[in-house]
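K.L.:
There's a structure below that I have some questions on.
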Amino acid sequence: MRKSLMISACLLSSALMLLPLIGQQSSPPSADKKQNAKKGPPIYRASDEEKQQIQAKLKELDAAIQQIKAKRGEDDLMADVEVYSKAGHWLLDYPDDIAVPDDIQNLLAVLDQGINRAKALQSGQSPWASSPGRRMHGMYSALDGSVQPYEVIVPESYDAAKPARLYVWLHGRGQRMTESNFLFGMQSPNPTSTAYPANEGQIQVNVFGRSNTGYHWTAETDIFEAISAVQRRYKIDPDRILLRGFSLGGAGGWKFALHYPDRWAAAEIGAGTWPRRYLMMDTFPVYQQPTLRIDENMTEWALNAFNLPLAAHDGDSDPQVPSIPVPPPGAPNRGQLESSLRIRAQLEKEGFPSAGEPDFLKTQGLPATFMISQQTGHGTSTLVRERLNAFLKTWGERGRTSPDHIRFLTYTTRYNQDYWVTLTALEKHYERSEVDAERLSGGANYKIITKNISRLDLRETSRAAKIHIDGQDLSVKGAPQITLEKTGGSWKVASASWPGLHKAHALQGPIDDAFIEPFLAVRPTGKPWNEAANKRALENLNTFQHAYARRFRALIRVKDDKDVTPEDFAKYNVALFGDPGSNRWIAKVAPKLPVKWTKQSISVGTQNYSSDGHIPVLVYPNPLSPSRYVVLNSGYTFEEREYTGDYAMPRYGDFAVLKLDQEPGSEVAQAGFFDESWKLAGK
């Protein structure tokens with residue numbers, strides 16, 4: 001038997017002394033929060049002398065950045081410099097992120113590197129962007145305008161004239177994961193880490209992902225922005241992008257593999273804390289239960305591996321937390337190996353059993369492989385690493401191809417596409433919706449079976465002549481895209497345009513969904529109808545600003561209502577804070593919302609609440625820009641402790657009326673979801 005090599009799951013080097021990678025526990029809102037407390041790293045307080053050193057270097061770096069930016073604006077090379085300044089400012093602004101004295105020394109080294117880059121760029125040079133090996137880059141996020149770091153590893157063999165394959169790596173949890181340590185850690189690689197596979201001529205991007213967010217919500221956008229940034233700088237084959245991750249990165253890997261199965265040539269996913277709260281729905285309020293099917297029930301999304309080459313693995317002795325919440329005492333527990341075990345079991349339920357050796361099983365009927373590193377904890381054995389390298393080589397060379405047979409499911413139109421099929425409307429959100437679609441006779445004939453779907457788009461249909469869907473035959477004319485719509489139980493060919501309000505991709509809720517695309521918060525400046533409601537609205541804005549900056553590593557865009565322009569509504573999802581008296585834009589949109597708001601009352605259907613004791617929060621298609629969201633009096637609805645959890649659970653759904661005299665967790669007077677036409681249920 002080969003001797004197992006324990007491979008660290010963390011992206012940063014061992015020199016950073018990262019604590020073990022663990023899963024974040026979560027519980028229903030009614031549970032005692034003390035049971036969810038997680039001990040973090042110790043906090044080191046920088047001395048006055050150290051602060052002065054940091055501030056001096058930042059002053060020099062910021063002055064250079066200001067001069068350079070005035071000449072060239074915010075381009076990629078500018079981001080490569082500014083990201084070093086951002087690392088310094090964030091540690092000064094959030095000193096609790098400083099755990100040990102080394103964090104200060106790391107930051108001072110990082111600032112020196114930023115200063116050197118600024119001096120080079122002032123003279124028109126950027127040597128860090130052209131040498132092979134490890135390159136640290138920055139990118140300006142369209143989401144919130146912040147600058148975020150990412151690392152690229154470029155092989156000696158890279159030829160800018162030839163498309164290269166790209167590996168996308170999602171790091172594990174690191175208790176000292178800050179911009180500074182991320183930038184510094186890249187200078188001290190750990191060659192035994194599972195982050196670094198065999199060199200097959202690939203470029204690898206290591207995503208920061210806003211630190212330890214579990215790659216949800218804001219960090220979800222970061223991953224695709226990082227891929228786009230790499231594609232701007234390097235010649236990447238779009239059909240040979242492979243997803244990889246371990247531990248916390250494995251949890252993110254499951255989400256991105258199964259929500260976006262057509263984006264990747266293959267996916268290698270190791271470990272990953274497993275959500276179980278969707279199995280405990282009766283312990284949650286009814287307005288929280290449906291959204292547990294967005295991220296928390298990834299087991300039930302397993303069928304989306306139908307066309308995705310997937311390699312899942314972990315050690316047989318993994319001691320890490322396997323799920324949130326943790327299993328009850330005495331329950332079988334194989335650590336984070338449970339994630340791949342549960343996916344494999346679900347695939348068997350879907351009709352795809354596995355065969356082979358217990359530690360090397362291949363799924364029959366779809367390209368999934370499940371590996372176990374023997375005599376190994378939370379990591380990867382030498383043997384399994386070799387098998388994973390072979391897997392990546394095979395599928396990296398083969399690349400992504402459009403399949404003739406698609407099986408795909410979703411619970412929300414946020415995740416609604418698999419190659420040439422897009423589910424544009426569901427009969428009911430958060431219920432299992434699936435399609436089984438085959439193209440036959442060279443694309444002339446199609447055979448489709450659907451469940452809980454009312455509208456779909458087919459692409460690559462230039463030769464289509466006949467579609468057999470749910471027992472019904474349709475004659476069609478070939479075109480690049482064909483739209484089908486079901487009304488009254490019957491399917492018909494429909495126009496691609498779709499008038500009226502409908503829940504559709506990126507316009508389906510819940511409230512939190514508005515903040516994974518570029519957004520703007522709008523602050524009130526007028527005279528409020530009710531001082532108490534306006535005060536709570538401003539508190540909500542302040543809480544959102546603080547938590548977002550502290551946990552998602554950016555300052556949100558904020559404008560006073562008097563400074564907002566119509567162009568802002570076309571460009572951003574907008575979150576309006578205040579009431580119709582204090583915020584002029586709330587006054588303009590309020591009459592067109594299904595929740596009615598006057599000086600005296602707030603009405604939701606037949607329920608009425610006093611305006612001086614309540615405040616509404618909601619998400620809705622913006623009446624002033626229907627392709628964008630408008631949000632009232634809310635940022636992300638989950639608790640701040642969940643910003644850095646493996647999964648963050650929306651608290652309200654599409655709307656809520658909150659009591660002003662109650663604390664978060666007990667303030668909900670009413671909450672729920674709009675229907676598929678953005679109306680109140682029954683209206």
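Ordering of the structure tokens sets the chain letters (A, B, ...); residue numbers start at 1 within each chain; ligands are numbered from 1 in the order shown.
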DSSP on the backbone: what in stretch 132-243 of chain A comes out helix (DSSP H, G or I), as a list in words?
P.N.:
Glu179, Ser180, Asn181, Phe182, Leu183, Phe184, Gly185, Thr218, Ala219, Glu220, Thr221, Asp222, Ile223, Phe224, Glu225, Ala226, Ile227, Ser228, Ala229, Val230, Gln231, Arg232 and Arg233 of chain A
K.L.:
Could you write out the selected residues, including N, CA and C atoms, as a CSV table (one decimal), in the first residue's frame?
P.N.:
chain,number,residue,atom,x,y,z
A,179,GLU,N,-7.0,40.1,2.9
A,179,GLU,CA,-6.3,40.5,1.6
A,179,GLU,C,-4.8,40.5,1.8
A,180,SER,N,-4.4,41.0,2.9
A,180,SER,CA,-2.9,41.0,3.2
A,180,SER,C,-2.3,39.7,3.2
A,181,ASN,N,-2.8,38.8,4.0
A,181,ASN,CA,-2.3,37.4,4.1
A,181,ASN,C,-2.4,36.6,2.8
A,182,PHE,N,-3.5,36.9,2.1
A,182,PHE,CA,-3.7,36.3,0.7
A,182,PHE,C,-2.6,36.7,-0.2
A,183,LEU,N,-2.3,38.0,-0.2
A,183,LEU,CA,-1.2,38.6,-1.1
A,183,LEU,C,0.1,38.1,-0.6
A,184,PHE,N,0.4,38.1,0.7
A,184,PHE,CA,1.6,37.6,1.2
A,184,PHE,C,1.8,36.1,1.0
A,185,GLY,N,0.8,35.4,1.2
A,185,GLY,CA,0.9,33.9,1.2
A,185,GLY,C,1.3,33.4,-0.2
A,218,THR,N,-22.4,37.5,-2.6
A,218,THR,CA,-21.4,38.4,-3.2
A,218,THR,C,-20.3,37.6,-3.8
A,219,ALA,N,-19.7,36.6,-3.1
A,219,ALA,CA,-18.6,35.9,-3.6
A,219,ALA,C,-18.9,35.1,-4.8
A,220,GLU,N,-20.2,34.7,-5.0
A,220,GLU,CA,-20.6,34.0,-6.2
A,220,GLU,C,-20.3,34.9,-7.4
A,221,THR,N,-20.6,36.2,-7.3
A,221,THR,CA,-20.2,37.1,-8.4
A,221,THR,C,-18.7,37.2,-8.6
A,222,ASP,N,-18.0,37.2,-7.5
A,222,ASP,CA,-16.5,37.3,-7.6
A,222,ASP,C,-15.9,36.2,-8.5
A,223,ILE,N,-16.4,35.0,-8.4
A,223,ILE,CA,-15.8,33.9,-9.1
A,223,ILE,C,-15.9,34.1,-10.6
A,224,PHE,N,-17.0,34.5,-11.1
A,224,PHE,CA,-17.2,34.8,-12.5
A,224,PHE,C,-16.5,36.0,-12.9
A,225,GLU,N,-16.4,37.0,-12.0
A,225,GLU,CA,-15.6,38.2,-12.4
A,225,GLU,C,-14.1,37.9,-12.5
A,226,ALA,N,-13.6,37.0,-11.6
A,226,ALA,CA,-12.2,36.6,-11.7
A,226,ALA,C,-11.9,35.8,-12.9
A,227,ILE,N,-12.8,35.0,-13.4
A,227,ILE,CA,-12.7,34.3,-14.6
A,227,ILE,C,-12.6,35.2,-15.8
A,228,SER,N,-13.5,36.2,-15.8
A,228,SER,CA,-13.5,37.2,-16.9
A,228,SER,C,-12.2,38.0,-16.8
A,229,ALA,N,-11.7,38.4,-15.7
A,229,ALA,CA,-10.5,39.1,-15.6
A,229,ALA,C,-9.3,38.3,-16.1
A,230,VAL,N,-9.3,37.0,-15.9
A,230,VAL,CA,-8.2,36.2,-16.4
A,230,VAL,C,-8.4,36.1,-18.0
A,231,GLN,N,-9.6,36.0,-18.4
A,231,GLN,CA,-9.8,36.0,-19.9
A,231,GLN,C,-9.4,37.3,-20.6
A,232,ARG,N,-9.5,38.4,-19.9
A,232,ARG,CA,-9.0,39.6,-20.5
A,232,ARG,C,-7.5,39.7,-20.6
A,233,ARG,N,-6.8,39.0,-19.7
A,233,ARG,CA,-5.3,39.1,-19.7
A,233,ARG,C,-4.6,38.0,-20.4
K.L.:
Using the chain letters and numbers from this document, which residues of stretch 244-402 of chain A does DSSP assign to strand (DSSP E), as a PyMOL selection string?
P.N.:
chain A and resi 244-246+266-270+274-275+310-315+323-324+354-357+360-363+368-373
K.L.:
Using Å and a single decimal, report how far atom CA of A:Gly88 sits from atom CA of A:Pro127.
P.N.:
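Atom CA of A:Gly88 lies at a distance of 22.3 Å from atom CA of A:Pro127.
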K.L.:
In Å, rounded to a single decimal, give me how far atom CA of A:Ile372 is from atom CA of A:Gly396.
P.N.:
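The value is 22.1 Å.
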K.L.:
Would you mind telling me which residue in A:Ala331, A:Leu310, A:Pro275, A:Trp217 lies nearest to A:Trp395 when using only C-alpha atoms?
P.N.:
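Among the listed residues, A:Leu310 lies closest to A:Trp395.
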K.L.:
What separation in Å, quoted to one decimal, exists between atom CA of A:Tyr415 and atom CA of A:His505?
P.N.:
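Interatomic distance here is 7.4 Å.
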K.L.:
Hey, what's within 10 Å of A:His502 if we count only C-alpha atoms and toss same-chain stuff fewer than 6 positions away? As a VMD selection string, please?
P.N.:
chain A and resid 424 to 426 508 621 675 to 679
K.L.:
Just write the chosen residues, N, CA and C atoms, as an mmCIF file, in the first residue's frame.
P.N.:
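Result file is out.cif:
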data_model
loop_
_atom_site.group_PDB
_atom_site.id
_atom_site.type_symbol
_atom_site.label_atom_id
_atom_site.label_comp_id
_atom_site.auth_asym_id
_atom_site.auth_seq_id
_atom_site.Cartn_x
_atom_site.Cartn_y
_atom_site.Cartn_z
ATOM 1 N N THR A 424 -37.031 29.344 -18.487
ATOM 2 C CA THR A 424 -37.268 30.769 -18.277
ATOM 3 C C THR A 424 -38.391 31.052 -17.290
ATOM 4 N N ALA A 425 -39.270 30.082 -17.031
ATOM 5 C CA ALA A 425 -40.341 30.304 -16.044
ATOM 6 C C ALA A 425 -40.735 28.976 -15.411
ATOM 7 N N LEU A 426 -40.991 29.023 -14.117
ATOM 8 C CA LEU A 426 -41.444 27.852 -13.377
ATOM 9 C C LEU A 426 -42.917 28.008 -13.039
ATOM 10 N N GLN A 508 -36.332 37.078 -9.635
ATOM 11 C CA GLN A 508 -37.236 36.121 -9.022
ATOM 12 C C GLN A 508 -37.215 36.164 -7.493
ATOM 13 N N PRO A 621 -39.677 43.922 -9.059
ATOM 14 C CA PRO A 621 -39.167 44.546 -10.288
ATOM 15 C C PRO A 621 -39.369 46.058 -10.232
ATOM 16 N N ASP A 675 -46.195 35.650 -5.947
ATOM 17 C CA ASP A 675 -46.373 34.501 -6.838
ATOM 18 C C ASP A 675 -45.554 34.690 -8.115
ATOM 19 N N GLU A 676 -45.765 33.821 -9.100
ATOM 20 C CA GLU A 676 -44.932 33.836 -10.305
ATOM 21 C C GLU A 676 -45.160 35.069 -11.164
ATOM 22 N N SER A 677 -46.208 35.832 -10.893
ATOM 23 C CA SER A 677 -46.464 37.095 -11.595
ATOM 24 C C SER A 677 -46.190 38.296 -10.698
ATOM 25 N N TRP A 678 -45.450 38.084 -9.623
ATOM 26 C CA TRP A 678 -45.100 39.137 -8.678
ATOM 27 C C TRP A 678 -46.339 39.752 -8.020
ATOM 28 N N LYS A 679 -47.321 38.912 -7.752
ATOM 29 C CA LYS A 679 -48.510 39.357 -7.045
ATOM 30 C C LYS A 679 -48.580 38.656 -5.696
#
K.L.:
Report as number ranges by chain all protein, DNA and RNA residues lying within 9 Å of A:Ser211, evaluated on only C-alpha atoms, omitting residues in the same chain fewer than 2 positions from it.
P.N.:
A: 173-174, 176-179, 182, 208-209, 213-215, 219, 551-553, 644
K.L.:
Mind writing the picked residues with C-alpha atoms as a CSV table (one decimal), in the first residue's frame?
P.N.:
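This is the output file part.csv:
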chain,number,residue,atom,x,y,z
A,173,ARG,CA,-11.2,28.1,5.2
A,174,GLY,CA,-8.3,30.0,6.7
A,176,ARG,CA,-6.3,34.4,9.1
A,177,MET,CA,-7.6,34.9,5.5
A,178,THR,CA,-7.3,38.6,4.8
A,179,GLU,CA,-6.3,40.5,1.6
A,182,PHE,CA,-3.7,36.3,0.7
A,208,PHE,CA,-10.0,35.1,-2.9
A,209,GLY,CA,-13.8,35.0,-2.7
A,213,THR,CA,-17.7,33.5,2.7
A,214,GLY,CA,-18.4,30.0,1.5
A,215,TYR,CA,-18.6,31.4,-2.0
A,219,ALA,CA,-18.6,35.9,-3.6
A,551,ARG,CA,-17.4,40.5,6.0
A,552,PHE,CA,-17.6,41.1,2.2
A,553,ARG,CA,-14.5,43.3,2.1
A,644,THR,CA,-18.8,34.1,6.7
K.L.:
List every residue of stretch 349-437 of chain A that has an atom at most 12 Å from any atom of stretch 200-206 of chain A, and for each one report the closest atom pair and its distance in Å to one decimal, counting only C-alpha atoms, with rows sorted by chain and then by increasing residue number, as a tab-separated table.
P.N.:
residue	atom	partner	partner_atom	distance
A:Asn389	CA	A:Glu200	CA	9.0
A:Ala390	CA	A:Glu200	CA	10.0
A:Phe391	CA	A:Glu200	CA	11.6
A:Leu392	CA	A:Glu200	CA	8.9
A:Lys393	CA	A:Glu200	CA	6.8
A:Thr394	CA	A:Glu200	CA	10.3
A:Trp395	CA	A:Glu200	CA	11.5
A:Gly396	CA	A:Gln202	CA	8.7
A:Glu397	CA	A:Glu200	CA	9.3
K.L.:
Pick from A:Trp264, A:Tyr158, A:Phe408, A:Tyr140: nearest to A:Asp75, with only C-alpha atoms counted?
P.N.:
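Ranking A:Trp264, A:Tyr158, A:Phe408, A:Tyr140 by distance to A:Asp75, first place goes to A:Tyr140.
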